Amino acid sequence: MFLRLREIHRPRSLEDALSLLARPGVKPLAGGTATVGPVDAETTELVDLSGLGLRYLEASDAALRIGATTPLLDLRDFPMARLVGSGVLVSAIDRAAPPTALARATLGGTVCRPERMPELVAVLLALDAAVEVRTAGDPEPATVSLAGLQRDRGHLVTAVILPLNTVRLALERVARTPRDIPTVAVVAALRWEEGRCVHARIAAAGLSAAPRRLAAAEEVLLGQAPTPERVTAAAAAARAAVEPPDDLRGTAEYRAHLAEVLVRRAVAAAAGLQGRV
Amino acid sequence: MRVQLTINGERRSLETAPGETLLALLRREGYYGVKHGCDTGECGTCTVLLNGRAVTSCNLLAIQADGAAVETVEGLAEGGMLHPLQERFAEVGAVQCGFCTPGMLMAAKGLLDENPTPTEADVRRALSSTICRCTGYLRPVQAVLEAAAELRGETPPASPSAPPPVGGGTATVTKQALRVVGQPVRKVDATKLVTGRGTFVDDMEFRGLLHARLLLSPHAHARIVRIDASRARALPGVHAVLTHADVPRVSFTTAGQSYPEPSPADTRSLDHKVRFVGDRVAAVAAETPEIAEAALRLIDVDYEVLPAVFDPEAAIRQGAPIIHDETDCSGIGHYQPNRNIAAVIEASVGDVERGLAEADVVIERTYRVPQVQQTPLETHICITYLDEDRRLVIRTSTQVPFHIRRIIAPVLGLRPSQMRVIKPRIGGGFGVKQEILIEDICGHLTLRTGRPVKLELSREEEFAASRSRHPQVIRMRTGVKRDGTLTANEMVVIANTGGYGSHALTVQANTGSKSLPLYRCENIRFHATAAYTNLPPAGAFRGYGAPQGFFAVESQMDEAARAIGMDPLDFRLQNCLRTGDVNPLAKALGEGREGFEQRMESCGLPECAEFGRKAIGWEESPAAPAPGPRRRGLGVSFAMHGTAIAGLDMGAASLKMNDDGSFNLLIGATDLGTGSDTVIAQMVAETLGCEVSDILVYSSDTDMTPFDTGAYASSTTYISGGAAVRAAEDVAGQIRGVAARLLDTPADDIDLRDRAAWTPDGRSVTLEQVALHSLHVADQRQIMAVASRMSYDSPPPFAATFAEVEVDVETGQVDVKKLVMAVDGGRVINPVTALGQVEGGMIQALGYAVCEEMVFDSAGRMVNPSFRDYRIPLADEVPELVAHLVHTDDPFGPFGVKAIAEIPMDGVAPAIANAVRDATGVRVQAIPLTPERVWQALQHKE
């Protein structure tokens with residue numbers, strides 16, 4: 001329920017959208033699932049992003065490029081998406097929300113408001129997602145890593161790029177119910193060449209305010225052989241490095257414990273060591 | 001601005017304000033099948049198809065749908081023919097209250113349009129967008145699968161009496177010469193509910209309707225030292241603002257119980273003191289919800305913040321802040337507001353200390369059960385208006401229309417005769433709508449403005465500012481001998497009733513009176529204290545104290561059995577009550593007064609146990625634990641409930657015959673979605689020898705129907721149904737009398753069946769002929785009767801619940817794989833509605849067991865007042881369910897019925913906790929069994 005909303009703009013160009021969004025009291029409107037509904041006494045104008053031509057999915061050999069206002073359901077049903085991370089991406093989308101929300105919630109909205117679907121954002125982080133951002137006054141888009149995305153006013157996410165790397169992806173989670181936002185979820189994406197780990201992305205939801213990578217655990221693995229000892233060391237490093245939040249889904253103490261258990265399990269799975277660690 | 005929409009195939013150009021949601025626009029245009037249950041897209045009752053895709057419309061602006069095709073439930077039926085989805089939903093019992101049904105139907109339609117051959121997993125996934133609090137999802141899933149088959153042109157679906165293919169569920173009903181009773185008759189309100197025509201409170205237009213909103217306290221405990229509403233009153237469009245200075249100060253209880261109320265009179269419509277975060281401070285009525293909301297922000301309140309107390313044990317200690325320090329509150333049951341004690345209850349038989357001394361093993365443990373919310377999908381909603389005689393009409397979503405009229409008349413300064421309370425279809429209650437929560441405020445606003453006023457709680461308010469289940473700390477001491485004899489069983493309860501004492505005495509009494517007597521024991525002691533605190537108040541919630549008690553008792557029985565090396569199921573069967581036993585606590589623990597002795601005339605527990613033993617595979621030797629952290633376990637629990645409040649609950653019925661041989665049945669009974677209108681019509685049709693379709697049921701209108709205490713305490717089928725049967729027997733006698741003259745046969749020889757009166761030699765007159773003769777031809781009289789029923793007996797239903805779990809011992813994650821519940825509900829009037837009660841109750845109880853919990857911060861503010869954070873199991877999150885009905889013959893109720901409504905809440909949590917114990921060796925003494933709670937318990941494993 002908007003108490004002060006006066007106008008909804010429906011710009012046709014990015015330039016118009018960016019200049020509108022620079023004004024105070026103005027909010028972007030993508031799918032609207034997180035914006036419309038509860039009482040909002042602040043917003044005076046909305047900028048509907050649906051006319052900007054940002055609903056698209058493009059696949060190349062190297063990457064999947066997804067327009068920012070593409071609903072998650074479009075991505076989920078895109079044939080290439082099933083291949084990403086052996087289906088981990090699609091199953092994370094399915095867990096993140098019921099179909100009614102996936103039909104409208106956009107990928108751009110998901111990366112801009114990571115608290116809404118933290119597990120899915122952790123998957124995107126582990127997949128090394130990049131984000132294309134436009135800034136008011138700058139005619140050229142900038143591409144930044146999702147991990148480095150600044151979520152402040154004046155910028156507009158226009159696309160998300162998922163590299164199609166050959167990685168082994170594994171996800172481990174603990175939650176109150178099968179579809180709840182997880183207390184902790186850990187996603188490990190590893191690549192091995194000649195018995196050594198040449199690429200490690202370990203991301204987690206529930207171990208910090210917003211999902212983020214666990215660099216300490218990644219470092220333990222990089223350049224090393226996949227041994228049970230290495231996996232255990234990575235898990236211990238993750239636990240030592242995290243300062244988890246304390247909220248209704250779990251205490252900091254419990255989350256620190258889960259950091260170790262779930263990093264160990266996810267890394268073991270992505271290293272082909274299930275049942276041996 | 002204008003939007004172009006194609007709604008159900010019709011092109012429309014509609015004016016909309018910038019912030020208007022599609023839901024608001026559709027309802028404004030009369031598409032009432034689109035429901036409002038939250039504002040965040042999480043409950044799914046507002047689901048429509050947008051260009052063929054199921055979306056929620058509450059968090060979608062109308063302008064976002066510009067140019068789109070919108071399909072609502074109103075467009076499903078074509079040419080007067082129900083869509084196969086609607087047909088199957090109605091037929092298999094997928095509709096209970098019907099409030100979430102349109103959303104489920106549209107989600108299913110969206111799925112089937114895209115995928116004509118869905119798997120069960122696909123269907124569960126699609127339905128996961130809609131929360132259903134009534135059905136447990138089993139029957140909606142079945143309905144969608146059957147409709148899909150029908151749409152593919154496959155063989156006709158199985159008959160509804162056959163066990164549903166998904167998960168199972170069967171009724172054991174003995175063969176008897178009954179034609180309507182015992183049949184899976186379609187609910188009398190099913191068709192209107194599946195077409196979206198079911199008229200709920202908000203599904204009507206009122207000219208000049210004002211929208212009310214409540215200003216709620218941001219503080220857990222504070223005095224209002226100054227309140228200035230002048231800025232709010234000056235806002236254009238505001239018609240009234242009420243503060244404590246504007247309404248008479250009348251103490252009453254919101255609990256909605258019989259006179260004299262056992263709950264304390266400790267509440268005022270508006271007070272100068274607030275006692276929890278969410279307590280009422282002021283109310284506004286304005287021309288739009290937005291103006292009302294804006295006006296709330298213009299009310300200036302100065303609070304003197306007082307120290308608050310949230311822990312019930314701390315609240316009753318010396319020196320705690322006194323929550324009810326006013327002089328005008330009063331109560332019974334050792335009511336001591338100056339010590340924050342809302343009620344104390346005590347009962348005992350024998351000598352517990354002696355019993356403990358005689359025991360070989362004493363089990364002493366403390367259990368904790370959480371505060372949980374009922375969450376009917378329709379929140380509290382009420383519309384009040386003045387009729388042409390200037391009487392106040394209250395159209396409200398309630399379980400207790402008659403109690404409302406009597407209890408709030410003095411609050412509004414009216415006599416009950418100046419009021420009329422109407423309950424239309426309501427979207428679930430589960431106890432929270434026994435509470436008289438908003439009707440007084442809405443009434444004040446209509447009396448003040450002379451206008452119709454609507455007051456509807458938001459989902460957040462429903463969570464944080466309505467009512468909930470009493471959280472308790474339960475200390476148990478149990479003595480047992482090596483041969484399995486129980487020598488002592490003691491339960492000491494400290495309950496948290498929150499800021500008000502609604503149901504404090506009676507819920508806590510029920511905690512002991514239902515659970516402790518289930519096991520034979522010579523020495524039993526029960527003591528309960530209900531403490532006021534500054535948390536949101538508790539109240540009535542399906543199960544009414546018993547789920548709390550059974551979690552403790554059934555955990556305790558499991559420990560006792562294990563301590564002496566007995567199988568927990570055999571131990572229970574050795575000790576549980578049998579037919580002919582007497583409940584030793586029933587007399588001591590009445591409804592705020594002395595009760596009545598209860599002798600068990602039927603007990604199907606052995607049959608329930610036998611069914612569950614097989615269904616769960618109790619005897620199968622457990623597979624060797626697989627390598628890794630996952631452990632499997634099985635658990636069992638027993639439960640006993642009651643059927644109505646003995647010597648107190650009363651229902652009445654009025655029945656009259658029409659020209660065509662149909663009957664108007666007027667009952668005070670309040671169908672809150674459970675199907676009571678249907679089962680009562682079945683019993684009446686059985687008695688009159690006609691069909692359910694001949695009975696026109698109208699219920700719950702204080703002007704039109706006789707009295708009924710209301711829909712609570714598992715009473716309706718037994719009490720109100722009994723009244724209706726009595727009226728029907730009287731009417732049947734009158735019909736026989738007329739038929740006797742027409743057929744020249746003694747009335748006693750006449751049999752009513754097939755809509756006719758029959759002589760032993762095969763001659764007959766139709767009921768229509770009897771009616772026409774009696775109304776128009778000779779000895780004219782209206783064939784009609786009224787009757788009421790009360791009972792001093794409250795025959796208990798019984799249940800055995802079995803659970804299979806897998807526990808990850810490294811993380812504490814509990815995965816419930818299967819739940820089996822067998823219930824002895826006496827004779828079952830309608831196996832489909834009865835199984836629906838059991839299945840739905842099992843899933844509500846699963847939430848209580850594993851994931852539901854109101855969480856508060858250190859200032860007493862609920863931190864999870866949304867479906868996102870307060871987790872309720874969804875259609876694709878529930879385990880395999882098996883519900884089973886065991887038939888027993890009980891002498892007291894009409895046709896031998898016992899209750900079935902509440903007992904499904906009682907046994908699931910302990911069965912799962914016992915399964916976790918079986919899997920891990922660890923006793924978790926608190927619910928819900930969240931991963932962290934189980935992990936913590938595993939850390940302390942000796």
# chains A, B, ... in the order shown; residues from 1 in each chain; ligands from 1
>>> residues_around(residues="Ala270 (chain A)", least_positions_apart="6", cutoff="9 Å", atoms="only C-alpha atoms", output="MDAnalysis selection string")
chainID A and resid 167:171 188:191
>>> interface_residues(of="chain A", to="chain B", cutoff="6 Å", atoms="only C-alpha atoms", output="list in words")
Phe2, Leu3, Glu7, Thr33, Val36, Gly37, Pro38, Pro98, Thr100, Arg176 and Pro178 of chain A
>>> atom_distance(atom1="CA of Glu15 (chain B)", atom2="CA of Leu21 (chain A)")
25.9 Å
>>> residues_around(residues="Gly431 (chain B)", least_positions_apart="5", cutoff="9 Å", atoms="only C-alpha atoms", output="list in words")
Gln374, Gln399, Arg467, Ser468, Gly539, Ala540, Phe541, Arg542, Gly543, Tyr544, Ala711 and Tyr712 of chain B
>>> write_last_selection(atoms="all heavy atoms", output="short mmCIF file (atom, residue, chain, number, x, y, z; two decimals), in the first residue's frame")
data_model
loop_
_atom_site.label_atom_id
_atom_site.label_comp_id
_atom_site.auth_asym_id
_atom_site.auth_seq_id
_atom_site.Cartn_x
_atom_site.Cartn_y
_atom_site.Cartn_z
N GLN B 374 -2.33 -19.35 14.81
CA GLN B 374 -3.31 -20.17 14.08
C GLN B 374 -3.24 -19.93 12.58
O GLN B 374 -3.46 -20.84 11.79
CB GLN B 374 -4.72 -19.83 14.59
CG GLN B 374 -4.97 -20.17 16.06
CD GLN B 374 -4.54 -19.08 17.03
OE1 GLN B 374 -3.75 -18.20 16.71
NE2 GLN B 374 -5.06 -19.13 18.24
N GLN B 399 -16.11 -17.58 15.15
CA GLN B 399 -16.57 -18.90 15.55
C GLN B 399 -17.69 -18.81 16.58
O GLN B 399 -18.25 -19.83 16.96
CB GLN B 399 -15.40 -19.70 16.16
CG GLN B 399 -14.27 -19.96 15.17
CD GLN B 399 -13.02 -20.56 15.78
OE1 GLN B 399 -11.92 -20.15 15.45
NE2 GLN B 399 -13.18 -21.55 16.66
N ARG B 467 -4.08 -13.53 18.49
CA ARG B 467 -3.94 -14.50 19.57
C ARG B 467 -3.11 -15.66 19.07
O ARG B 467 -2.82 -15.77 17.89
CB ARG B 467 -5.32 -14.99 20.06
CG ARG B 467 -6.17 -13.90 20.72
CD ARG B 467 -5.59 -13.39 22.01
NE ARG B 467 -6.44 -12.39 22.66
CZ ARG B 467 -6.29 -11.07 22.54
NH1 ARG B 467 -5.32 -10.58 21.79
NH2 ARG B 467 -7.09 -10.24 23.17
N SER B 468 -2.75 -16.57 19.99
CA SER B 468 -1.78 -17.61 19.66
C SER B 468 -1.97 -18.77 20.63
O SER B 468 -2.87 -18.74 21.46
CB SER B 468 -0.37 -17.03 19.80
OG SER B 468 -0.25 -16.42 21.08
N GLY B 539 -4.39 -17.62 23.41
CA GLY B 539 -5.84 -17.79 23.42
C GLY B 539 -6.18 -19.21 23.04
O GLY B 539 -5.47 -20.14 23.39
N ALA B 540 -7.28 -19.36 22.30
CA ALA B 540 -7.71 -20.69 21.88
C ALA B 540 -7.03 -21.04 20.57
O ALA B 540 -6.97 -20.22 19.65
CB ALA B 540 -9.22 -20.72 21.70
N PHE B 541 -6.49 -22.23 20.47
CA PHE B 541 -5.92 -22.74 19.23
C PHE B 541 -6.19 -24.23 19.22
O PHE B 541 -5.81 -24.94 20.16
CB PHE B 541 -4.42 -22.44 19.18
CG PHE B 541 -3.71 -22.79 17.87
CD1 PHE B 541 -2.44 -22.30 17.63
CD2 PHE B 541 -4.29 -23.60 16.90
CE1 PHE B 541 -1.76 -22.60 16.45
CE2 PHE B 541 -3.63 -23.90 15.72
CZ PHE B 541 -2.36 -23.41 15.49
N ARG B 542 -6.87 -24.68 18.18
CA ARG B 542 -7.15 -26.11 17.95
C ARG B 542 -6.24 -27.01 18.79
O ARG B 542 -5.01 -26.96 18.66
CB ARG B 542 -6.92 -26.39 16.46
CG ARG B 542 -7.36 -27.75 16.00
CD ARG B 542 -7.04 -27.89 14.52
NE ARG B 542 -7.73 -29.04 13.94
CZ ARG B 542 -7.61 -29.39 12.67
NH1 ARG B 542 -6.85 -28.70 11.85
NH2 ARG B 542 -8.27 -30.44 12.21
N GLY B 543 -6.86 -27.79 19.63
CA GLY B 543 -6.12 -28.64 20.56
C GLY B 543 -6.23 -28.11 21.97
O GLY B 543 -6.32 -28.86 22.93
N TYR B 544 -6.21 -26.78 22.11
CA TYR B 544 -6.61 -26.08 23.32
C TYR B 544 -5.89 -26.59 24.57
O TYR B 544 -6.52 -27.07 25.51
CB TYR B 544 -8.13 -26.22 23.49
CG TYR B 544 -8.77 -25.13 24.31
CD1 TYR B 544 -8.91 -23.85 23.80
CD2 TYR B 544 -9.24 -25.38 25.59
CE1 TYR B 544 -9.51 -22.84 24.55
CE2 TYR B 544 -9.84 -24.39 26.35
CZ TYR B 544 -9.98 -23.12 25.82
OH TYR B 544 -10.58 -22.13 26.56
N ALA B 711 -18.40 -22.70 17.41
CA ALA B 711 -17.55 -23.77 16.89
C ALA B 711 -16.25 -23.81 17.68
O ALA B 711 -15.28 -23.16 17.34
CB ALA B 711 -17.27 -23.53 15.41
N TYR B 712 -16.26 -24.54 18.76
CA TYR B 712 -15.04 -24.77 19.52
C TYR B 712 -15.24 -25.99 20.39
O TYR B 712 -16.36 -26.50 20.49
CB TYR B 712 -14.62 -23.54 20.33
CG TYR B 712 -15.64 -23.02 21.34
CD1 TYR B 712 -15.65 -23.51 22.64
CD2 TYR B 712 -16.56 -22.05 20.98
CE1 TYR B 712 -16.56 -23.03 23.57
CE2 TYR B 712 -17.48 -21.57 21.91
CZ TYR B 712 -17.48 -22.07 23.20
OH TYR B 712 -18.39 -21.60 24.11
#
>>> select_by_dssp(residues="region 197-265 of chain A", states="strand (DSSP E)", output="list of chain:residue names")
A:Cys197, A:Val198, A:His199, A:Ala200, A:Arg201, A:Ile202, A:Ala203, A:Ala204, A:Ala205, A:Arg212, A:Arg213
>>> write_last_selection(atoms="all heavy atoms", output="compact mmCIF listing (two decimals), in the first residue's frame")
# COMPACT_ATOMS: atom_id res chain seq x y z
N CYS A 197 43.76 -28.19 -7.98
CA CYS A 197 42.62 -27.27 -8.02
C CYS A 197 43.06 -25.97 -8.67
O CYS A 197 43.95 -25.27 -8.16
CB CYS A 197 42.11 -27.00 -6.60
SG CYS A 197 40.74 -25.85 -6.57
N VAL A 198 42.49 -25.67 -9.84
CA VAL A 198 42.90 -24.46 -10.56
C VAL A 198 41.86 -23.34 -10.42
O VAL A 198 42.11 -22.21 -10.85
CB VAL A 198 43.16 -24.75 -12.05
CG1 VAL A 198 44.33 -25.71 -12.20
CG2 VAL A 198 41.89 -25.30 -12.71
N HIS A 199 40.72 -23.66 -9.86
CA HIS A 199 39.65 -22.64 -9.76
C HIS A 199 38.79 -23.04 -8.57
O HIS A 199 38.32 -24.17 -8.49
CB HIS A 199 38.84 -22.65 -11.07
CG HIS A 199 37.60 -21.80 -11.03
ND1 HIS A 199 37.56 -20.53 -11.55
CD2 HIS A 199 36.36 -22.05 -10.55
CE1 HIS A 199 36.33 -20.03 -11.40
NE2 HIS A 199 35.60 -20.94 -10.79
N ALA A 200 38.64 -22.13 -7.65
CA ALA A 200 37.80 -22.42 -6.48
C ALA A 200 36.92 -21.22 -6.16
O ALA A 200 37.42 -20.10 -5.98
CB ALA A 200 38.68 -22.77 -5.28
N ARG A 201 35.63 -21.45 -6.16
CA ARG A 201 34.68 -20.43 -5.72
C ARG A 201 33.79 -21.09 -4.68
O ARG A 201 33.06 -22.03 -5.00
CB ARG A 201 33.82 -19.94 -6.88
CG ARG A 201 34.58 -19.28 -8.01
CD ARG A 201 35.05 -17.87 -7.64
NE ARG A 201 35.71 -17.23 -8.76
CZ ARG A 201 37.03 -17.31 -9.00
NH1 ARG A 201 37.83 -18.03 -8.20
NH2 ARG A 201 37.56 -16.70 -10.04
N ILE A 202 33.91 -20.61 -3.47
CA ILE A 202 33.05 -21.15 -2.42
C ILE A 202 32.25 -19.98 -1.87
O ILE A 202 32.82 -19.00 -1.38
CB ILE A 202 33.89 -21.82 -1.31
CG1 ILE A 202 34.74 -22.95 -1.92
CG2 ILE A 202 32.97 -22.38 -0.22
CD1 ILE A 202 35.71 -23.57 -0.96
N ALA A 203 30.93 -20.09 -2.01
CA ALA A 203 30.07 -18.99 -1.57
C ALA A 203 29.07 -19.52 -0.56
O ALA A 203 28.73 -20.71 -0.58
CB ALA A 203 29.34 -18.38 -2.77
N ALA A 204 28.62 -18.64 0.31
CA ALA A 204 27.71 -19.09 1.35
C ALA A 204 26.63 -18.05 1.61
O ALA A 204 26.85 -16.85 1.51
CB ALA A 204 28.47 -19.36 2.63
N ALA A 205 25.45 -18.55 1.95
CA ALA A 205 24.36 -17.71 2.46
C ALA A 205 24.19 -18.05 3.92
O ALA A 205 24.36 -19.20 4.33
CB ALA A 205 23.08 -18.00 1.69
N ARG A 212 28.18 -14.19 0.52
CA ARG A 212 29.50 -13.80 0.04
C ARG A 212 30.40 -15.01 -0.13
O ARG A 212 30.08 -16.11 0.33
CB ARG A 212 30.13 -12.76 0.95
CG ARG A 212 30.14 -13.14 2.41
CD ARG A 212 30.67 -11.99 3.22
NE ARG A 212 32.13 -12.05 3.23
CZ ARG A 212 32.87 -11.45 4.14
NH1 ARG A 212 32.31 -10.71 5.07
NH2 ARG A 212 34.18 -11.57 4.11
N ARG A 213 31.53 -14.75 -0.77
CA ARG A 213 32.49 -15.83 -0.99
C ARG A 213 33.28 -16.07 0.28
O ARG A 213 33.51 -15.18 1.08
CB ARG A 213 33.43 -15.45 -2.12
CG ARG A 213 32.72 -15.23 -3.46
CD ARG A 213 33.26 -16.13 -4.57
NE ARG A 213 34.70 -16.14 -4.68
CZ ARG A 213 35.39 -15.47 -5.59
NH1 ARG A 213 34.75 -14.70 -6.47
NH2 ARG A 213 36.70 -15.56 -5.64
>>> atom_distance(atom1="CA of Pro547 (chain B)", atom2="CA of Cys382 (chain B)")
29.8 Å
>>> closest_residue(among="A:Arg76, A:Arg153, A:Arg264, A:Arg230", to="Ser19 (chain A)", atoms="only C-alpha atoms")
A:Arg153
>>> closest_atom_pairs(of="region 622-724 of chain B", to="region 822-836 of chain B", cutoff="8 Å", atoms="only C-alpha atoms", output="JSON lines")
{"residue": "B:Thr674", "atom": "CA", "partner": "B:Thr833", "partner_atom": "CA", "distance": 7.3}
{"residue": "B:Gly675", "atom": "CA", "partner": "B:Thr833", "partner_atom": "CA", "distance": 6.5}
{"residue": "B:Val679", "atom": "CA", "partner": "B:Ile829", "partner_atom": "CA", "distance": 6.1}
{"residue": "B:Gln682", "atom": "CA", "partner": "B:Ile829", "partner_atom": "CA", "distance": 7.4}
{"residue": "B:Met683", "atom": "CA", "partner": "B:Ile829", "partner_atom": "CA", "distance": 7.5}
>>> closest_residue(among="A:Leu222, A:Leu52, A:Val184, A:Leu20", to="Ser208 (chain A)", atoms="only C-alpha atoms")
A:Val184
>>> residues_around(residues="Ala259 (chain A)", least_positions_apart="4", cutoff="7 Å", atoms="only C-alpha atoms", output="PDB file with C-alpha atoms, in the first residue's frame")
ATOM      1  CA  ALA A 238      35.990 -21.257   6.567  1.00  0.00           C
ATOM      2  CA  ARG A 239      34.883 -21.621  10.146  1.00  0.00           C
ATOM      3  CA  ARG A 255      26.129 -21.123  11.967  1.00  0.00           C
ATOM      4  CA  VAL A 263      31.949 -26.386   3.476  1.00  0.00           C
TER       5      VAL A 263
END
>>> atom_distance(atom1="CA of Leu505 (chain B)", atom2="CA of Gln371 (chain B)")
16.7 Å
>>> select_by_dssp(residues="region 792-942 of chain B", states="helix (DSSP H, G or I)", output="JSON, numbers by chain")
{"B": [831, 832, 833, 834, 835, 836, 837, 838, 839, 840, 841, 842, 843, 844, 845, 846, 847, 848, 849, 850, 894, 895, 896, 903, 904, 905, 908, 909, 910, 911, 912, 913, 914, 915, 916, 917, 918, 919, 920, 931, 932, 933, 934, 935, 936, 937, 938, 939]}
>>> closest_residue(among="A:Ala234, A:Met80, A:Leu146, A:Leu14", to="Gly51 (chain A)", atoms="only C-alpha atoms")
A:Leu14
>>> residues_around(residues="region 321-329 of chain B", least_positions_apart="3", cutoff="12 Å", atoms="only C-alpha atoms", output="count of residues only")
53
>>> residues_around(residues="Ala240 (chain A)", least_positions_apart="4", cutoff="9 Å", atoms="only C-alpha atoms", output="mmCIF file with N, CA, C and O atoms, in the first residue's frame")
data_model
loop_
_atom_site.group_PDB
_atom_site.id
_atom_site.type_symbol
_atom_site.label_atom_id
_atom_site.label_comp_id
_atom_site.auth_asym_id
_atom_site.auth_seq_id
_atom_site.Cartn_x
_atom_site.Cartn_y
_atom_site.Cartn_z
ATOM 1 N N ALA A 216 38.858 -17.545 2.444
ATOM 2 C CA ALA A 216 39.823 -18.310 3.243
ATOM 3 C C ALA A 216 39.795 -19.788 2.852
ATOM 4 O O ALA A 216 40.861 -20.438 2.752
ATOM 5 N N ALA A 235 37.500 -26.494 5.305
ATOM 6 C CA ALA A 235 36.339 -26.324 6.182
ATOM 7 C C ALA A 235 36.739 -25.582 7.454
ATOM 8 O O ALA A 235 36.040 -24.670 7.911
ATOM 9 N N ALA A 236 37.891 -25.970 8.001
ATOM 10 C CA ALA A 236 38.351 -25.311 9.226
ATOM 11 C C ALA A 236 38.658 -23.842 8.954
ATOM 12 O O ALA A 236 38.358 -22.964 9.778
ATOM 13 N N ALA A 256 28.444 -21.010 12.723
ATOM 14 C CA ALA A 256 29.882 -21.260 12.576
ATOM 15 C C ALA A 256 30.125 -22.765 12.447
ATOM 16 O O ALA A 256 30.928 -23.223 11.618
ATOM 17 N N GLU A 260 31.580 -25.015 8.913
ATOM 18 C CA GLU A 260 32.600 -26.059 8.802
ATOM 19 C C GLU A 260 32.023 -27.327 8.166
ATOM 20 O O GLU A 260 32.582 -27.880 7.222
#
>>> residues_around(residues="Asp440 (chain B)", least_positions_apart="2", cutoff="12 Å", atoms="only C-alpha atoms", output="NGL selection string")
:B and (242 or 247-248 or 250 or 252-254 or 267-270 or 280 or 283 or 381-384 or 392-396 or 404-414 or 419 or 421 or 435-438 or 442-447 or 453-455)
